[in-house]
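K.L.:
Got query.cif for you, mmCIF, C-alpha atoms:
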```cif
data_work
#
loop_
_atom_site.group_PDB
_atom_site.id
_atom_site.type_symbol
_atom_site.label_atom_id
_atom_site.label_comp_id
_atom_site.auth_asym_id
_atom_site.auth_seq_id
_atom_site.Cartn_x
_atom_site.Cartn_y
_atom_site.Cartn_z
ATOM 1 C CA MET A 6 129.769 -2.415 63.658
ATOM 2 C CA GLN A 7 129.363 -5.615 61.709
ATOM 3 C CA SER A 8 131.551 -6.068 58.662
ATOM 4 C CA LYS A 9 129.946 -7.374 55.517
ATOM 5 C CA ASN A 10 131.760 -9.963 53.494
ATOM 6 C CA HIS A 11 131.044 -9.156 49.857
ATOM 7 C CA GLU A 12 131.777 -12.032 47.587
ATOM 8 C CA MET A 13 131.453 -12.121 43.815
ATOM 9 C CA LYS A 14 129.270 -14.984 42.640
ATOM 10 C CA VAL A 15 130.721 -14.900 39.124
ATOM 11 C CA LYS A 16 134.344 -14.139 38.313
ATOM 12 C CA GLN A 17 135.370 -11.219 36.135
ATOM 13 C CA ILE A 18 136.354 -11.754 32.537
ATOM 14 C CA LYS A 19 139.499 -10.243 31.078
ATOM 15 C CA ASP A 20 138.117 -9.513 27.596
ATOM 16 C CA GLY A 21 134.715 -9.997 26.004
ATOM 17 C CA THR A 22 131.082 -8.999 26.317
ATOM 18 C CA VAL A 23 128.718 -8.949 29.273
ATOM 19 C CA ILE A 24 125.012 -8.808 28.499
ATOM 20 C CA ASP A 25 123.305 -7.520 31.641
ATOM 21 C CA HIS A 26 119.661 -6.792 32.518
ATOM 22 C CA ILE A 27 118.277 -9.632 30.411
ATOM 23 C CA THR A 28 114.689 -10.353 31.435
ATOM 24 C CA ALA A 29 114.763 -13.179 33.982
ATOM 25 C CA ASN A 30 114.894 -16.663 32.451
ATOM 26 C CA LYS A 31 115.546 -15.408 28.896
ATOM 27 C CA SER A 32 119.327 -15.939 28.795
ATOM 28 C CA LEU A 33 119.021 -19.351 27.153
ATOM 29 C CA TYR A 34 117.225 -17.714 24.213
ATOM 30 C CA VAL A 35 120.062 -15.191 23.958
ATOM 31 C CA LEU A 36 122.637 -17.992 23.906
ATOM 32 C CA ARG A 37 120.677 -19.833 21.240
ATOM 33 C CA ILE A 38 120.550 -16.873 18.843
ATOM 34 C CA LEU A 39 124.281 -16.289 19.331
ATOM 35 C CA GLY A 40 125.112 -19.938 18.660
ATOM 36 C CA LEU A 41 126.536 -20.418 22.135
ATOM 37 C CA PRO A 42 127.983 -22.216 23.910
ATOM 38 C CA ASN A 43 130.547 -23.669 21.552
ATOM 39 C CA LYS A 44 133.919 -25.304 22.048
ATOM 40 C CA ASP A 45 135.831 -22.081 21.338
ATOM 41 C CA THR A 46 134.025 -19.692 23.685
ATOM 42 C CA ASN A 47 133.707 -19.665 27.464
ATOM 43 C CA VAL A 48 130.279 -18.527 28.588
ATOM 44 C CA THR A 49 129.040 -17.794 32.088
ATOM 45 C CA ILE A 50 125.317 -17.503 32.800
ATOM 46 C CA ALA A 51 123.648 -16.128 35.897
ATOM 47 C CA MET A 52 119.887 -16.642 35.984
ATOM 48 C CA ASN A 53 117.236 -15.085 38.172
ATOM 49 C CA VAL A 54 119.690 -12.778 39.938
ATOM 50 C CA SER A 55 118.117 -10.109 42.128
ATOM 51 C CA SER A 56 118.301 -6.616 40.676
ATOM 52 C CA LYS A 57 117.417 -3.190 42.024
ATOM 53 C CA ALA A 58 116.230 -2.016 38.607
ATOM 54 C CA ILE A 59 114.067 -4.922 37.414
ATOM 55 C CA ASP A 60 113.582 -7.234 40.435
ATOM 56 C CA PHE A 61 115.190 -10.267 38.745
ATOM 57 C CA LYS A 62 117.476 -10.528 35.742
ATOM 58 C CA ASP A 63 119.811 -12.815 33.844
ATOM 59 C CA ILE A 64 123.435 -12.058 32.937
ATOM 60 C CA VAL A 65 125.549 -13.613 30.179
ATOM 61 C CA LYS A 66 129.335 -13.244 30.088
ATOM 62 C CA ILE A 67 131.078 -14.172 26.848
ATOM 63 C CA GLU A 68 134.856 -14.359 27.053
ATOM 64 C CA ASN A 69 137.125 -13.164 24.232
ATOM 65 C CA ARG A 70 134.284 -12.113 21.947
ATOM 66 C CA GLU A 71 132.718 -8.749 21.198
ATOM 67 C CA LEU A 72 129.301 -8.961 19.604
ATOM 68 C CA LYS A 73 128.740 -7.746 16.051
ATOM 69 C CA PRO A 74 125.971 -5.216 15.273
ATOM 70 C CA THR A 75 123.834 -7.934 13.663
ATOM 71 C CA GLU A 76 124.163 -10.051 16.808
ATOM 72 C CA LEU A 77 123.113 -7.079 18.936
ATOM 73 C CA ASP A 78 120.015 -6.713 16.738
ATOM 74 C CA GLN A 79 119.155 -10.332 17.470
ATOM 75 C CA VAL A 80 119.713 -9.924 21.205
ATOM 76 C CA ALA A 81 117.401 -6.884 21.160
ATOM 77 C CA LEU A 82 114.559 -9.121 19.946
ATOM 78 C CA ILE A 83 114.800 -11.290 23.062
ATOM 79 C CA ALA A 84 116.161 -8.795 25.620
ATOM 80 C CA PRO A 85 115.002 -5.280 24.663
ATOM 81 C CA LYS A 86 116.120 -3.763 27.986
ATOM 82 C CA ALA A 87 119.564 -5.368 28.095
ATOM 83 C CA THR A 88 122.806 -3.506 28.694
ATOM 84 C CA ILE A 89 125.880 -4.416 26.657
ATOM 85 C CA ASN A 90 129.257 -4.069 28.380
ATOM 86 C CA ILE A 91 132.469 -4.457 26.391
ATOM 87 C CA ILE A 92 135.338 -5.586 28.617
ATOM 88 C CA ARG A 93 139.031 -5.167 27.823
ATOM 89 C CA ASN A 94 141.765 -6.020 30.288
ATOM 90 C CA TYR A 95 139.181 -6.425 33.091
ATOM 91 C CA GLU A 96 137.823 -2.880 32.547
ATOM 92 C CA ILE A 97 134.471 -1.826 31.106
ATOM 93 C CA VAL A 98 135.368 0.232 28.036
ATOM 94 C CA THR A 99 131.827 0.584 26.665
ATOM 95 C CA LYS A 100 128.494 0.320 28.449
ATOM 96 C CA GLU A 101 125.334 0.943 26.433
ATOM 97 C CA LYS A 102 121.678 0.043 26.526
ATOM 98 C CA ILE A 103 120.764 -2.145 23.623
ATOM 99 C CA LYS A 104 119.279 -0.149 20.766
ATOM 100 C CA PHE A 105 116.444 -1.215 18.556
ATOM 101 C CA LYS A 106 116.633 -0.348 14.913
ATOM 102 C CA ASN A 107 113.467 0.726 13.139
ATOM 103 C CA GLU A 108 114.172 -1.876 10.476
ATOM 104 C CA LEU A 109 115.610 -5.359 10.906
ATOM 105 C CA ASN A 110 116.897 -7.401 7.967
ATOM 106 C CA SER A 111 117.661 -11.124 7.628
ATOM 107 C CA ILE A 112 117.417 -11.806 11.366
ATOM 108 C CA ILE A 113 114.268 -13.928 11.535
ATOM 109 C CA LYS A 114 111.822 -15.419 9.062
ATOM 110 C CA CYS A 115 108.312 -14.228 8.340
ATOM 111 C CA THR A 116 105.756 -16.608 9.845
ATOM 112 C CA ASN A 117 103.484 -16.249 6.824
ATOM 113 C CA GLN A 118 104.262 -19.307 4.695
ATOM 114 C CA ARG A 119 102.972 -17.463 1.596
ATOM 115 C CA CYS A 120 105.274 -14.481 2.084
ATOM 116 C CA VAL A 121 107.690 -13.947 -0.796
ATOM 117 C CA THR A 122 110.586 -14.397 1.674
ATOM 118 C CA ASN A 123 109.518 -18.032 2.215
ATOM 119 C CA THR A 124 109.512 -18.968 -1.478
ATOM 120 C CA GLN A 125 112.264 -19.895 -3.893
ATOM 121 C CA GLU A 126 112.807 -16.207 -4.661
ATOM 122 C CA PRO A 127 116.132 -14.818 -3.365
ATOM 123 C CA VAL A 128 114.506 -12.244 -1.061
ATOM 124 C CA GLU A 129 115.853 -11.517 2.426
ATOM 125 C CA SER A 130 113.391 -10.970 5.238
ATOM 126 C CA ARG A 131 112.787 -7.386 6.281
ATOM 127 C CA PHE A 132 110.785 -6.116 9.249
ATOM 128 C CA LYS A 133 109.692 -2.779 10.638
ATOM 129 C CA LEU A 134 109.674 -2.363 14.417
ATOM 130 C CA ILE A 135 106.126 -1.611 15.573
ATOM 131 C CA LYS A 136 106.549 -1.991 19.347
ATOM 132 C CA GLU A 137 109.590 -2.566 21.585
ATOM 133 C CA THR A 138 108.045 -4.103 24.701
ATOM 134 C CA PRO A 139 106.814 -6.692 24.073
ATOM 135 C CA VAL A 140 108.432 -6.831 20.652
ATOM 136 C CA VAL A 141 106.131 -6.626 17.633
ATOM 137 C CA LEU A 142 107.463 -6.524 14.075
ATOM 138 C CA ARG A 143 105.699 -6.069 10.732
ATOM 139 C CA CYS A 144 106.900 -7.883 7.621
ATOM 140 C CA TYR A 145 107.828 -5.395 4.911
ATOM 141 C CA TYR A 146 106.500 -7.658 2.143
ATOM 142 C CA CYS A 147 103.233 -9.163 3.424
ATOM 143 C CA ASP A 148 102.383 -6.882 6.404
ATOM 144 C CA ARG A 149 102.171 -9.862 8.785
ATOM 145 C CA LEU A 150 102.623 -8.869 12.445
ATOM 146 C CA ILE A 151 105.190 -11.009 14.247
ATOM 147 C CA ALA A 152 104.829 -11.094 18.047
ATOM 148 C CA ALA A 153 107.502 -11.774 20.662
ATOM 149 C CA GLU A 154 106.418 -15.399 21.191
ATOM 150 C CA GLU A 155 106.684 -16.134 17.461
ATOM 151 C CA ILE A 156 110.164 -14.610 17.424
ATOM 152 C CA LYS A 157 111.303 -16.744 20.388
ATOM 153 C CA ALA A 158 109.869 -19.867 18.741
ATOM 154 C CA GLN A 159 112.308 -19.376 15.859
ATOM 155 C CA PHE A 160 115.249 -19.657 18.244
ATOM 156 C CA TYR A 161 114.006 -22.735 20.123
#
```
So, in terms of structure tokens, how does the structure I just supplied come out?

P.N.:
Amino acid sequence: MQSKNHEMKVKQIKDGTVIDHITANKSLYVLRILGLPNKDTNVTIAMNVSSKAIDFKDIVKIENRELKPTELDQVALIAPKATINIIRNYEIVTKEKIKFKNELNSIIKCTNQRCVTNTQEPVESRFKLIKETPVVLRCYYCDRLIAAEEIKAQFY
């Protein structure tokens, strides 16, 4: 019998958030919307990792930071099938699939330059979720459909 040497490619984190099952090669978009990396936060990225569930995936580990609900809403726009793991003292304390809200506020801008949200009026953007995969949103004010590529373009 041959023994298998299992080796972890990425070390565990003591406390923080692990975003797993990100669509392959989309982790850099996730980092961008979260404002990472920065000098105060250690981030580990694994890209194009083989996965039983989705063939290939990306993983982002963020040490000493648990994501806020608004940040999770933003991650959902880029990685709608992601899993969020909250780690405390090296243990997974919460593991949940990312959840889309039916309405998203102040996360992205409407791409219609004539939309009231793009004027001098103090109006926050507001979108209704039309489709999860690929993501399609509808502006509450002007009815403009915003596709996944237009959403990504706002983060890069």

K.L.:
Residues picked by the PyMOL selection byres ((chain A and resi 93-101) around 9) here, as a list in words?

P.N.:
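In the shown coordinates, the PyMOL selection byres ((chain A and resi 93-101) around 9) covers Gln17, Ile18, Lys19, Asp20, Gly21, Thr22, Asn69, Ala87, Thr88, Ile89, Asn90, Ile91, Ile92, Lys102, Ile103 and Lys104 of chain A.
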
K.L.:
Mind writing the picked residues with C-alpha atoms as a compact mmCIF listing (two decimals), keeping the file's coordinate frame?

P.N.:
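So the final result, stored in selection_25.txt, reads:
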```
# COMPACT_ATOMS: atom_id res chain seq x y z
CA GLN A 17 135.37 -11.22 36.14
CA ILE A 18 136.35 -11.75 32.54
CA LYS A 19 139.50 -10.24 31.08
CA ASP A 20 138.12 -9.51 27.60
CA GLY A 21 134.72 -10.00 26.00
CA THR A 22 131.08 -9.00 26.32
CA ASN A 69 137.12 -13.16 24.23
CA ALA A 87 119.56 -5.37 28.10
CA THR A 88 122.81 -3.51 28.69
CA ILE A 89 125.88 -4.42 26.66
CA ASN A 90 129.26 -4.07 28.38
CA ILE A 91 132.47 -4.46 26.39
CA ILE A 92 135.34 -5.59 28.62
CA LYS A 102 121.68 0.04 26.53
CA ILE A 103 120.76 -2.14 23.62
CA LYS A 104 119.28 -0.15 20.77
```

K.L.:
Enumerate, as a PyMOL selection string, the residues matched when the PyMOL selection byres ((chain A and resi 51-62) around 7) is run on the file above.

P.N.:
chain A and resi 26-30+49-50+63-65

K.L.:
Measuring atom to atom with only C-alpha atoms, identify which of A:Asn107, A:Thr138, A:Thr124, A:Thr116 is nearest to Ile151 of chain A.

P.N.:
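Between A:Asn107, A:Thr138, A:Thr124, A:Thr116, the residue approaching Ile151 of chain A most closely is A:Thr116.
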
K.L.:
Could you tell me which of A:Thr46, A:Gln79, A:Ser111, A:Gln125 comes closest to Tyr145 of chain A if we count all atoms listed in the file?

P.N.:
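Of all the options, A:Ser111 lies closest to Tyr145 of chain A.
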
K.L.:
Separation of atom CA of Lys157 of chain A and atom CA of Pro74 of chain A, in Å?

P.N.:
19.3 Å

K.L.:
To verify the selection step, state as a ChimeraX atom specification which residues the PyMOL selection byres ((chain A and resi 158) around 12) yields on this input.

P.N.:
/A:34,37-38,82-83,113-116,151-157,159-161

K.L.:
Tell me, in Å to one decimal, how far atom CA of Val23 of chain A is from atom CA of Asp45 of chain A.

P.N.:
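It comes out at 16.9 Å.
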
K.L.:
So how many Å separate atom CA of Pro85 of chain A and atom CA of Glu68 of chain A, to one decimal?

P.N.:
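Between these atoms lies a distance of 22.0 Å.
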
K.L.:
Need the shell around Val80 of chain A: protein/DNA/RNA residues with any atom at most 7 Å away, counting only C-alpha atoms. Skip same-chain ones fewer than 4 positions apart. Format as a list in words?

P.N.:
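So, after excluding close chain neighbours, the residues are Val35, Glu76 and Ala84 of chain A.
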
K.L.:
Using all atoms listed in the file, find the one residue out of A:Phe105, A:Leu39, A:Asn117, A:Val48 that sits nearest to Lys73 of chain A.

P.N.:
A:Leu39

K.L.:
Produce the centre coordinates and the three edge lengths, each in Å to one decimal, of the box along x, y and z that contains all listed atoms of segment 78-90 of chain A with 6 Å added on each side, as JSON.

P.N.:
```
{"center_x": 121.9, "center_y": -7.4, "center_z": 22.7, "size_x": 26.7, "size_y": 19.8, "size_z": 24.0}
```

K.L.:
Can you work out which one of A:Thr75, A:Tyr146, A:Ile67, A:Asn47 has the shortest atom-to-atom distance to Val128 of chain A, counting only C-alpha atoms?

P.N.:
A:Tyr146

K.L.:
In the coordinates of the file, take the point (107.9, -11.1, 4.8) and a cut-off of 7 Å; then, counting only C-alpha atoms, name each qualifying protein, DNA or RNA residue as a PDB file with C-alpha atoms, keeping the file's coordinate frame.

P.N.:
```
ATOM      1  CA  CYS A 115     108.312 -14.228   8.340  1.00  0.00           C
ATOM      2  CA  CYS A 120     105.274 -14.481   2.084  1.00  0.00           C
ATOM      3  CA  VAL A 121     107.690 -13.947  -0.796  1.00  0.00           C
ATOM      4  CA  THR A 122     110.586 -14.397   1.674  1.00  0.00           C
ATOM      5  CA  SER A 130     113.391 -10.970   5.238  1.00  0.00           C
ATOM      6  CA  ARG A 131     112.787  -7.386   6.281  1.00  0.00           C
ATOM      7  CA  CYS A 144     106.900  -7.883   7.621  1.00  0.00           C
ATOM      8  CA  TYR A 145     107.828  -5.395   4.911  1.00  0.00           C
ATOM      9  CA  TYR A 146     106.500  -7.658   2.143  1.00  0.00           C
ATOM     10  CA  CYS A 147     103.233  -9.163   3.424  1.00  0.00           C
TER      11      CYS A 147
END
```
